[in-house]
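As structure tokens, the structure follows; a few thoughts come after it.
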Amino acid sequence: MPDLEAQIAYLRERMSAAARRADAEMQERRMRRPPPQGLSLAVPGREVGTPAGVHYESVSVMEGSRRHGNFEISRLAALPPDLLAGITEGEAPAAPPETWVFLDTETTGLAGGSGTCAFLIGLGRVTADGFEIRQFFMRDFCEEASQLHAVREALAEAQVLVTYNGKSFDIPLLETRYRMSRARPPFGSIPHLDLLFGARRIWRLRLDSCRLTELETQILGHERDDDIPGELIPKAYFDFVRTGRAGKMGPVFLHNALDIVSLACLTAVVASVFRDGGRAELRHAAEFVAMGRWLRQAGRLGEARELFREAVRRNLREDLLFRTLWDLAAIERKLHAPDAAVSIYADLASCPNAHRRDAMIELAKHYEHRERNLPMALAFTEEARALADDADLRRRRERLLARAGQNGAPRLEF
DNA sequence: GAACCACACGATAAGATTTT
DNA sequence: AAAATCTTATCGTGTGGTTC
């Protein structure tokens with residue numbers, strides 16, 4: 001294959017030609033770009049240069065005395081260093097809040113793959129006297145390399161990275177952006193907490209949706225005015241790049257900043273709930289149920305029982321109440337409190353609800369095997385059959401009748 | 001010893017949800 | 001529209017105990 005070297009040389013030449021063409025295109029773009037009009041008026045900030053070019057950065061600070069909804073910003077700096085230690089992916093060391101970085105991006109779309117890029121990357125940081133947001137913006141696609149470079153530098157000291165759905169959206173997207181500009185993604189070694197899943201565990205049953213903006217209003221009590229909806233953001237950016245008019249970028253930066261502040265405040269809330277198993281932080285009955293289910297699933301049955309009982313004590317909406325009583329009974333049994341379970345089954349069997357029939361069956365088992373009271377077992381079996389008969393129940397009835405007959409007990413007919 | 005019952009545990013699959 | 005979880009339900013399978 002004498003041509004191999006020639007082929008390699010040919011490919012090399014083609015590749016570098018392509019790279020030259022891409023660079024030239026970038027250069028030309030830079031020249032052709034309409035000068036951004038009023039960007040620094042719409043978004044206070046400045047042009048920043050890096051070894052990879054230039055981009056635009058904006059820094060804003062929230063004083064510790066400010067509130068975000070009902071959340072005091074100064075609480076952030078007071079959070080314990082080990083707050084996130086147990087709940088990140090990739091063992092986070094105990095690290096003070098000042099070393100956590102909250103990340104959120106605004107992108108040119110929702111589609112994954114390589115066609116989407118993050119034109120705005122916002123990083124939030126807890127400071128001694130408040131909360132600081134740094135936003136890295138590409139005024140045009142030719143500024144991406146510089147923007148990514150600056151973000152890498154800003155992440156250098158981060159001990160924990162916090163996002164909302166970042167595990168499946170922001171981080172993979174940024175990773176491909178770094179690779180596209182022939183750079184290594186800076187996330188590899190940073191322990192990552194995706195708050196979405198913890199938030200869902202807590203509020204799934206209380207709220208219809210666990211989107212970040214929903215938690216912001218429902219949990220933090222913050223109302224946004226003039227917020228730009230997420231789905232309009234890609235178009236706003238394309239318009240800016242095409243026309244250079246910065247009018248719509250102000251709301252986009254604000255949207256990004258608010259997402260980051262909310263993310264930070266919610267991190268404090270979610271992590272605190274998990275820290276004490278939910279007892280001190282929770283208020284709503286549905287939250288107790290959700291946390292109880294999680295504790296049960298994690299094998300912490302004693303705590304799960306405690307939260308289920310608390311949920312039932314509070315005003316639990318009906319669709320959750322009966323299901324929770326049913327689950328609570330199962331836990332009582334596992335924790336060797338069969339009497340508590342039976343009393344719950346009796347309640348469930350005495351009023352119309354989704355578990356009424358199953359509760360009757362549990363009572364039938366109880367009376368057959370524990371109390372050895374065959375007439376009672378038979379009675380509950382028949383009650384259950386009256387609600388809905390099936391082969392299992394008929395077999396149960398036959399067995400009970402046979403045993404009752406064999407024992408010489410008075411034969412019962414139904 | 002055979003048949004049955006109740007229960008615990010683990011694997012697995014399906015479905016739902018979030019991000020711009 | 002793409003990808004990554006998390007929940008929940010649903011199966012087997014093994015165990016221990018009881019009844020005939």
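Naming works like this for the structure tokens: A, B, ... for the chains as they're shown, residue 1 at the start of each chain, ligands 1 onward in shown order.
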
Expected answer as number ranges by chain: chain A residues within 7 Å of chain C, only C-alpha atoms (C1' of nucleotides): A: 110-112, 167-168

Expected file: the selected residues, all heavy atoms, as a PDB file, in the first residue's frame:
ATOM      1  N   LEU A 110     -33.543  23.178  23.106  1.00  0.00           N
ATOM      2  CA  LEU A 110     -33.631  22.089  24.069  1.00  0.00           C
ATOM      3  C   LEU A 110     -33.057  20.810  23.492  1.00  0.00           C
ATOM      4  O   LEU A 110     -32.747  19.871  24.217  1.00  0.00           O
ATOM      5  CB  LEU A 110     -35.111  21.872  24.425  1.00  0.00           C
ATOM      6  CG  LEU A 110     -35.455  21.481  25.840  1.00  0.00           C
ATOM      7  CD1 LEU A 110     -34.660  22.278  26.830  1.00  0.00           C
ATOM      8  CD2 LEU A 110     -36.947  21.672  26.052  1.00  0.00           C
ATOM      9  N   ALA A 111     -32.937  20.766  22.184  1.00  0.00           N
ATOM     10  CA  ALA A 111     -32.443  19.551  21.546  1.00  0.00           C
ATOM     11  C   ALA A 111     -31.022  19.263  21.994  1.00  0.00           C
ATOM     12  O   ALA A 111     -30.194  20.164  22.090  1.00  0.00           O
ATOM     13  CB  ALA A 111     -32.480  19.710  20.033  1.00  0.00           C
ATOM     14  N   GLY A 112     -30.759  18.023  22.306  1.00  0.00           N
ATOM     15  CA  GLY A 112     -29.395  17.660  22.666  1.00  0.00           C
ATOM     16  C   GLY A 112     -28.544  17.643  21.412  1.00  0.00           C
ATOM     17  O   GLY A 112     -28.796  18.402  20.488  1.00  0.00           O
ATOM     18  N   LYS A 167     -27.671  17.166  35.202  1.00  0.00           N
ATOM     19  CA  LYS A 167     -27.080  15.872  34.877  1.00  0.00           C
ATOM     20  C   LYS A 167     -27.465  15.430  33.476  1.00  0.00           C
ATOM     21  O   LYS A 167     -26.689  14.774  32.792  1.00  0.00           O
ATOM     22  CB  LYS A 167     -27.559  14.830  35.888  1.00  0.00           C
ATOM     23  CG  LYS A 167     -26.424  14.183  36.633  1.00  0.00           C
ATOM     24  CD  LYS A 167     -26.953  13.261  37.712  1.00  0.00           C
ATOM     25  CE  LYS A 167     -25.958  13.202  38.851  1.00  0.00           C
ATOM     26  NZ  LYS A 167     -26.473  12.456  39.990  1.00  0.00           N
ATOM     27  N   SER A 168     -28.663  15.775  33.076  1.00  0.00           N
ATOM     28  CA  SER A 168     -29.069  15.354  31.749  1.00  0.00           C
ATOM     29  C   SER A 168     -29.120  16.499  30.756  1.00  0.00           C
ATOM     30  O   SER A 168     -29.224  16.247  29.567  1.00  0.00           O
ATOM     31  CB  SER A 168     -30.407  14.630  31.790  1.00  0.00           C
ATOM     32  OG  SER A 168     -31.338  15.349  32.551  1.00  0.00           O
TER      33      SER A 168
END

Dump as a count of residues only the residues of chain B that approach chain A to within 9 Å, counting only C-alpha atoms (C1' of nucleotides). 5

Select from segment 104-222 of chain A everything DSSP, run on the backbone, classes as alpha helix (DSSP H), then give the selection as a PDB file with N, CA and C atoms, in the first residue's frame.
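Result file out.pdb:
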ATOM      1  N   GLU A 144     -17.461  31.836  21.621  1.00  0.00           N
ATOM      2  CA  GLU A 144     -17.720  30.685  22.484  1.00  0.00           C
ATOM      3  C   GLU A 144     -16.441  30.172  23.151  1.00  0.00           C
ATOM      4  N   ALA A 145     -15.373  30.049  22.381  1.00  0.00           N
ATOM      5  CA  ALA A 145     -14.139  29.490  22.945  1.00  0.00           C
ATOM      6  C   ALA A 145     -13.672  30.307  24.137  1.00  0.00           C
ATOM      7  N   SER A 146     -13.755  31.609  24.013  1.00  0.00           N
ATOM      8  CA  SER A 146     -13.318  32.486  25.104  1.00  0.00           C
ATOM      9  C   SER A 146     -14.242  32.338  26.312  1.00  0.00           C
ATOM     10  N   GLN A 147     -15.529  32.295  26.040  1.00  0.00           N
ATOM     11  CA  GLN A 147     -16.506  32.124  27.120  1.00  0.00           C
ATOM     12  C   GLN A 147     -16.235  30.826  27.886  1.00  0.00           C
ATOM     13  N   LEU A 148     -16.033  29.741  27.144  1.00  0.00           N
ATOM     14  CA  LEU A 148     -15.786  28.458  27.797  1.00  0.00           C
ATOM     15  C   LEU A 148     -14.489  28.492  28.595  1.00  0.00           C
ATOM     16  N   HIS A 149     -13.496  29.147  28.025  1.00  0.00           N
ATOM     17  CA  HIS A 149     -12.212  29.263  28.719  1.00  0.00           C
ATOM     18  C   HIS A 149     -12.392  29.953  30.072  1.00  0.00           C
ATOM     19  N   ALA A 150     -13.136  31.046  30.060  1.00  0.00           N
ATOM     20  CA  ALA A 150     -13.337  31.803  31.302  1.00  0.00           C
ATOM     21  C   ALA A 150     -14.126  30.986  32.325  1.00  0.00           C
ATOM     22  N   VAL A 151     -15.097  30.223  31.840  1.00  0.00           N
ATOM     23  CA  VAL A 151     -15.883  29.410  32.764  1.00  0.00           C
ATOM     24  C   VAL A 151     -14.987  28.349  33.413  1.00  0.00           C
ATOM     25  N   ARG A 152     -14.095  27.780  32.609  1.00  0.00           N
ATOM     26  CA  ARG A 152     -13.185  26.798  33.174  1.00  0.00           C
ATOM     27  C   ARG A 152     -12.364  27.402  34.310  1.00  0.00           C
ATOM     28  N   GLU A 153     -11.845  28.601  34.079  1.00  0.00           N
ATOM     29  CA  GLU A 153     -11.052  29.261  35.113  1.00  0.00           C
ATOM     30  C   GLU A 153     -11.894  29.508  36.366  1.00  0.00           C
ATOM     31  N   ALA A 154     -13.141  29.922  36.142  1.00  0.00           N
ATOM     32  CA  ALA A 154     -14.000  30.252  37.279  1.00  0.00           C
ATOM     33  C   ALA A 154     -14.349  29.014  38.089  1.00  0.00           C
ATOM     34  N   ASP A 170     -27.605  20.531  31.235  1.00  0.00           N
ATOM     35  CA  ASP A 170     -26.517  21.509  31.157  1.00  0.00           C
ATOM     36  C   ASP A 170     -25.142  20.871  30.987  1.00  0.00           C
ATOM     37  N   ILE A 171     -24.839  19.907  31.823  1.00  0.00           N
ATOM     38  CA  ILE A 171     -23.471  19.393  31.828  1.00  0.00           C
ATOM     39  C   ILE A 171     -23.124  18.625  30.551  1.00  0.00           C
ATOM     40  N   PRO A 172     -23.964  17.679  30.117  1.00  0.00           N
ATOM     41  CA  PRO A 172     -23.639  17.019  28.845  1.00  0.00           C
ATOM     42  C   PRO A 172     -23.518  18.006  27.690  1.00  0.00           C
ATOM     43  N   LEU A 173     -24.403  19.006  27.686  1.00  0.00           N
ATOM     44  CA  LEU A 173     -24.345  20.002  26.618  1.00  0.00           C
ATOM     45  C   LEU A 173     -23.019  20.769  26.655  1.00  0.00           C
ATOM     46  N   LEU A 174     -22.642  21.201  27.851  1.00  0.00           N
ATOM     47  CA  LEU A 174     -21.384  21.942  27.955  1.00  0.00           C
ATOM     48  C   LEU A 174     -20.198  21.052  27.604  1.00  0.00           C
ATOM     49  N   GLU A 175     -20.289  19.792  27.996  1.00  0.00           N
ATOM     50  CA  GLU A 175     -19.179  18.882  27.663  1.00  0.00           C
ATOM     51  C   GLU A 175     -18.966  18.812  26.151  1.00  0.00           C
ATOM     52  N   THR A 176     -20.047  18.720  25.411  1.00  0.00           N
ATOM     53  CA  THR A 176     -19.844  18.675  23.955  1.00  0.00           C
ATOM     54  C   THR A 176     -19.371  20.028  23.437  1.00  0.00           C
ATOM     55  N   ARG A 177     -19.803  21.109  24.086  1.00  0.00           N
ATOM     56  CA  ARG A 177     -19.291  22.422  23.620  1.00  0.00           C
ATOM     57  C   ARG A 177     -17.783  22.508  23.824  1.00  0.00           C
ATOM     58  N   TYR A 178     -17.324  22.040  24.995  1.00  0.00           N
ATOM     59  CA  TYR A 178     -15.868  22.061  25.235  1.00  0.00           C
ATOM     60  C   TYR A 178     -15.162  21.204  24.191  1.00  0.00           C
ATOM     61  N   ARG A 179     -15.693  20.024  23.922  1.00  0.00           N
ATOM     62  CA  ARG A 179     -15.022  19.142  22.964  1.00  0.00           C
ATOM     63  C   ARG A 179     -15.023  19.770  21.586  1.00  0.00           C
ATOM     64  N   MET A 180     -16.123  20.433  21.222  1.00  0.00           N
ATOM     65  CA  MET A 180     -16.186  21.067  19.908  1.00  0.00           C
ATOM     66  C   MET A 180     -15.132  22.145  19.764  1.00  0.00           C
ATOM     67  N   LEU A 195     -30.050  19.010  41.865  1.00  0.00           N
ATOM     68  CA  LEU A 195     -31.076  19.208  42.883  1.00  0.00           C
ATOM     69  C   LEU A 195     -32.447  18.696  42.467  1.00  0.00           C
ATOM     70  N   LEU A 196     -32.634  18.488  41.177  1.00  0.00           N
ATOM     71  CA  LEU A 196     -33.950  18.067  40.690  1.00  0.00           C
ATOM     72  C   LEU A 196     -34.488  16.863  41.448  1.00  0.00           C
ATOM     73  N   PHE A 197     -33.643  15.871  41.654  1.00  0.00           N
ATOM     74  CA  PHE A 197     -34.155  14.611  42.178  1.00  0.00           C
ATOM     75  C   PHE A 197     -34.501  14.705  43.655  1.00  0.00           C
ATOM     76  N   GLY A 198     -33.682  15.423  44.408  1.00  0.00           N
ATOM     77  CA  GLY A 198     -34.011  15.637  45.810  1.00  0.00           C
ATOM     78  C   GLY A 198     -35.286  16.453  45.963  1.00  0.00           C
ATOM     79  N   ALA A 199     -35.409  17.484  45.122  1.00  0.00           N
ATOM     80  CA  ALA A 199     -36.603  18.336  45.186  1.00  0.00           C
ATOM     81  C   ALA A 199     -37.851  17.526  44.867  1.00  0.00           C
ATOM     82  N   ARG A 200     -37.740  16.672  43.884  1.00  0.00           N
ATOM     83  CA  ARG A 200     -38.887  15.837  43.518  1.00  0.00           C
ATOM     84  C   ARG A 200     -39.285  14.913  44.660  1.00  0.00           C
ATOM     85  N   ARG A 201     -38.307  14.352  45.321  1.00  0.00           N
ATOM     86  CA  ARG A 201     -38.633  13.449  46.423  1.00  0.00           C
ATOM     87  C   ARG A 201     -39.483  14.147  47.459  1.00  0.00           C
ATOM     88  N   ILE A 202     -39.183  15.418  47.677  1.00  0.00           N
ATOM     89  CA  ILE A 202     -39.894  16.126  48.739  1.00  0.00           C
ATOM     90  C   ILE A 202     -41.259  16.635  48.278  1.00  0.00           C
ATOM     91  N   TRP A 203     -41.307  17.216  47.086  1.00  0.00           N
ATOM     92  CA  TRP A 203     -42.514  17.975  46.718  1.00  0.00           C
ATOM     93  C   TRP A 203     -43.375  17.334  45.645  1.00  0.00           C
ATOM     94  N   LEU A 212     -38.233  24.342  38.338  1.00  0.00           N
ATOM     95  CA  LEU A 212     -37.546  25.297  39.203  1.00  0.00           C
ATOM     96  C   LEU A 212     -38.400  26.530  39.489  1.00  0.00           C
ATOM     97  N   THR A 213     -39.058  27.070  38.455  1.00  0.00           N
ATOM     98  CA  THR A 213     -39.852  28.288  38.679  1.00  0.00           C
ATOM     99  C   THR A 213     -41.046  28.003  39.582  1.00  0.00           C
ATOM    100  N   GLU A 214     -41.562  26.788  39.499  1.00  0.00           N
ATOM    101  CA  GLU A 214     -42.686  26.416  40.349  1.00  0.00           C
ATOM    102  C   GLU A 214     -42.250  26.372  41.818  1.00  0.00           C
ATOM    103  N   LEU A 215     -41.087  25.773  42.062  1.00  0.00           N
ATOM    104  CA  LEU A 215     -40.568  25.727  43.433  1.00  0.00           C
ATOM    105  C   LEU A 215     -40.267  27.139  43.923  1.00  0.00           C
ATOM    106  N   GLU A 216     -39.806  27.971  43.009  1.00  0.00           N
ATOM    107  CA  GLU A 216     -39.483  29.343  43.395  1.00  0.00           C
ATOM    108  C   GLU A 216     -40.711  30.048  43.963  1.00  0.00           C
ATOM    109  N   THR A 217     -41.857  29.897  43.294  1.00  0.00           N
ATOM    110  CA  THR A 217     -43.047  30.570  43.806  1.00  0.00           C
ATOM    111  C   THR A 217     -43.662  29.821  44.985  1.00  0.00           C
ATOM    112  N   GLN A 218     -43.788  28.503  44.864  1.00  0.00           N
ATOM    113  CA  GLN A 218     -44.509  27.742  45.880  1.00  0.00           C
ATOM    114  C   GLN A 218     -43.705  27.557  47.167  1.00  0.00           C
TER     115      GLN A 218
END

At what distance in Å, to one decimal, does atom CA of Pro191 of chain A lie from atom CA of Trp294 of chain A?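 Between atom CA of Trp294 of chain A and atom CA of Pro191 of chain A the gap is 22.8 Å.
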
Give me every strand (DSSP E) residue in segment 136-294 of chain A, going by DSSP on the backbone, as a PyMOL selection string. chain A and resi 136-137+160-163+192-194

Skip segment 302-318 of chain A itself and residues of its chain fewer than 5 positions away, then list as JSON, numbers by chain all residues within 10 Å of it, counting only C-alpha atoms (C1' of nucleotides). {"A": [206, 277, 278, 279, 282, 283, 284, 285, 286, 287, 288, 289, 290, 291, 292, 293, 294, 295, 296, 297, 323, 324, 325, 327, 328, 329, 330, 331, 332, 334, 335, 353]}

Selected residues written out, C-alpha atoms, as a CSV table (one decimal), in the first residue's frame:
chain,number,residue,atom,x,y,z
A,206,ARG,CA,-47.6,18.3,47.1
A,277,GLY,CA,-35.0,13.2,57.8
A,278,GLY,CA,-37.7,15.9,57.3
A,279,ARG,CA,-38.9,16.3,60.8
A,282,LEU,CA,-41.5,20.1,56.6
A,283,ARG,CA,-45.0,21.6,57.0
A,284,HIS,CA,-47.4,20.1,54.5
A,285,ALA,CA,-48.9,16.6,55.1
A,286,ALA,CA,-48.1,15.6,51.5
A,287,GLU,CA,-44.4,16.4,52.1
A,288,PHE,CA,-44.4,14.1,55.1
A,289,VAL,CA,-45.8,11.3,52.9
A,290,ALA,CA,-43.3,11.9,50.1
A,291,MET,CA,-40.3,11.9,52.6
A,292,GLY,CA,-41.8,8.9,54.4
A,293,ARG,CA,-41.9,6.9,51.2
A,294,TRP,CA,-38.3,7.8,50.5
A,295,LEU,CA,-37.2,6.8,54.0
A,296,ARG,CA,-39.0,3.5,53.7
A,297,GLN,CA,-37.4,2.8,50.3
A,323,ARG,CA,-53.0,5.0,50.6
A,324,THR,CA,-50.8,6.3,53.4
A,325,LEU,CA,-52.9,4.4,56.0
A,327,ASP,CA,-48.7,1.8,53.7
A,328,LEU,CA,-48.4,2.7,57.4
A,329,ALA,CA,-50.1,-0.6,58.3
A,330,ALA,CA,-47.5,-2.5,56.3
A,331,ILE,CA,-44.7,-0.7,58.1
A,332,GLU,CA,-46.3,-1.3,61.5
A,334,LYS,CA,-42.7,-5.0,59.6
A,335,LEU,CA,-41.8,-3.2,62.8
A,353,ASN,CA,-61.9,3.6,49.8

Rounded to one decimal in Å, what is the spacing between atom CA of Asp276 of chain A and atom CA of Glu72 of chain A?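 Here the two named atoms are 20.6 Å from each other.
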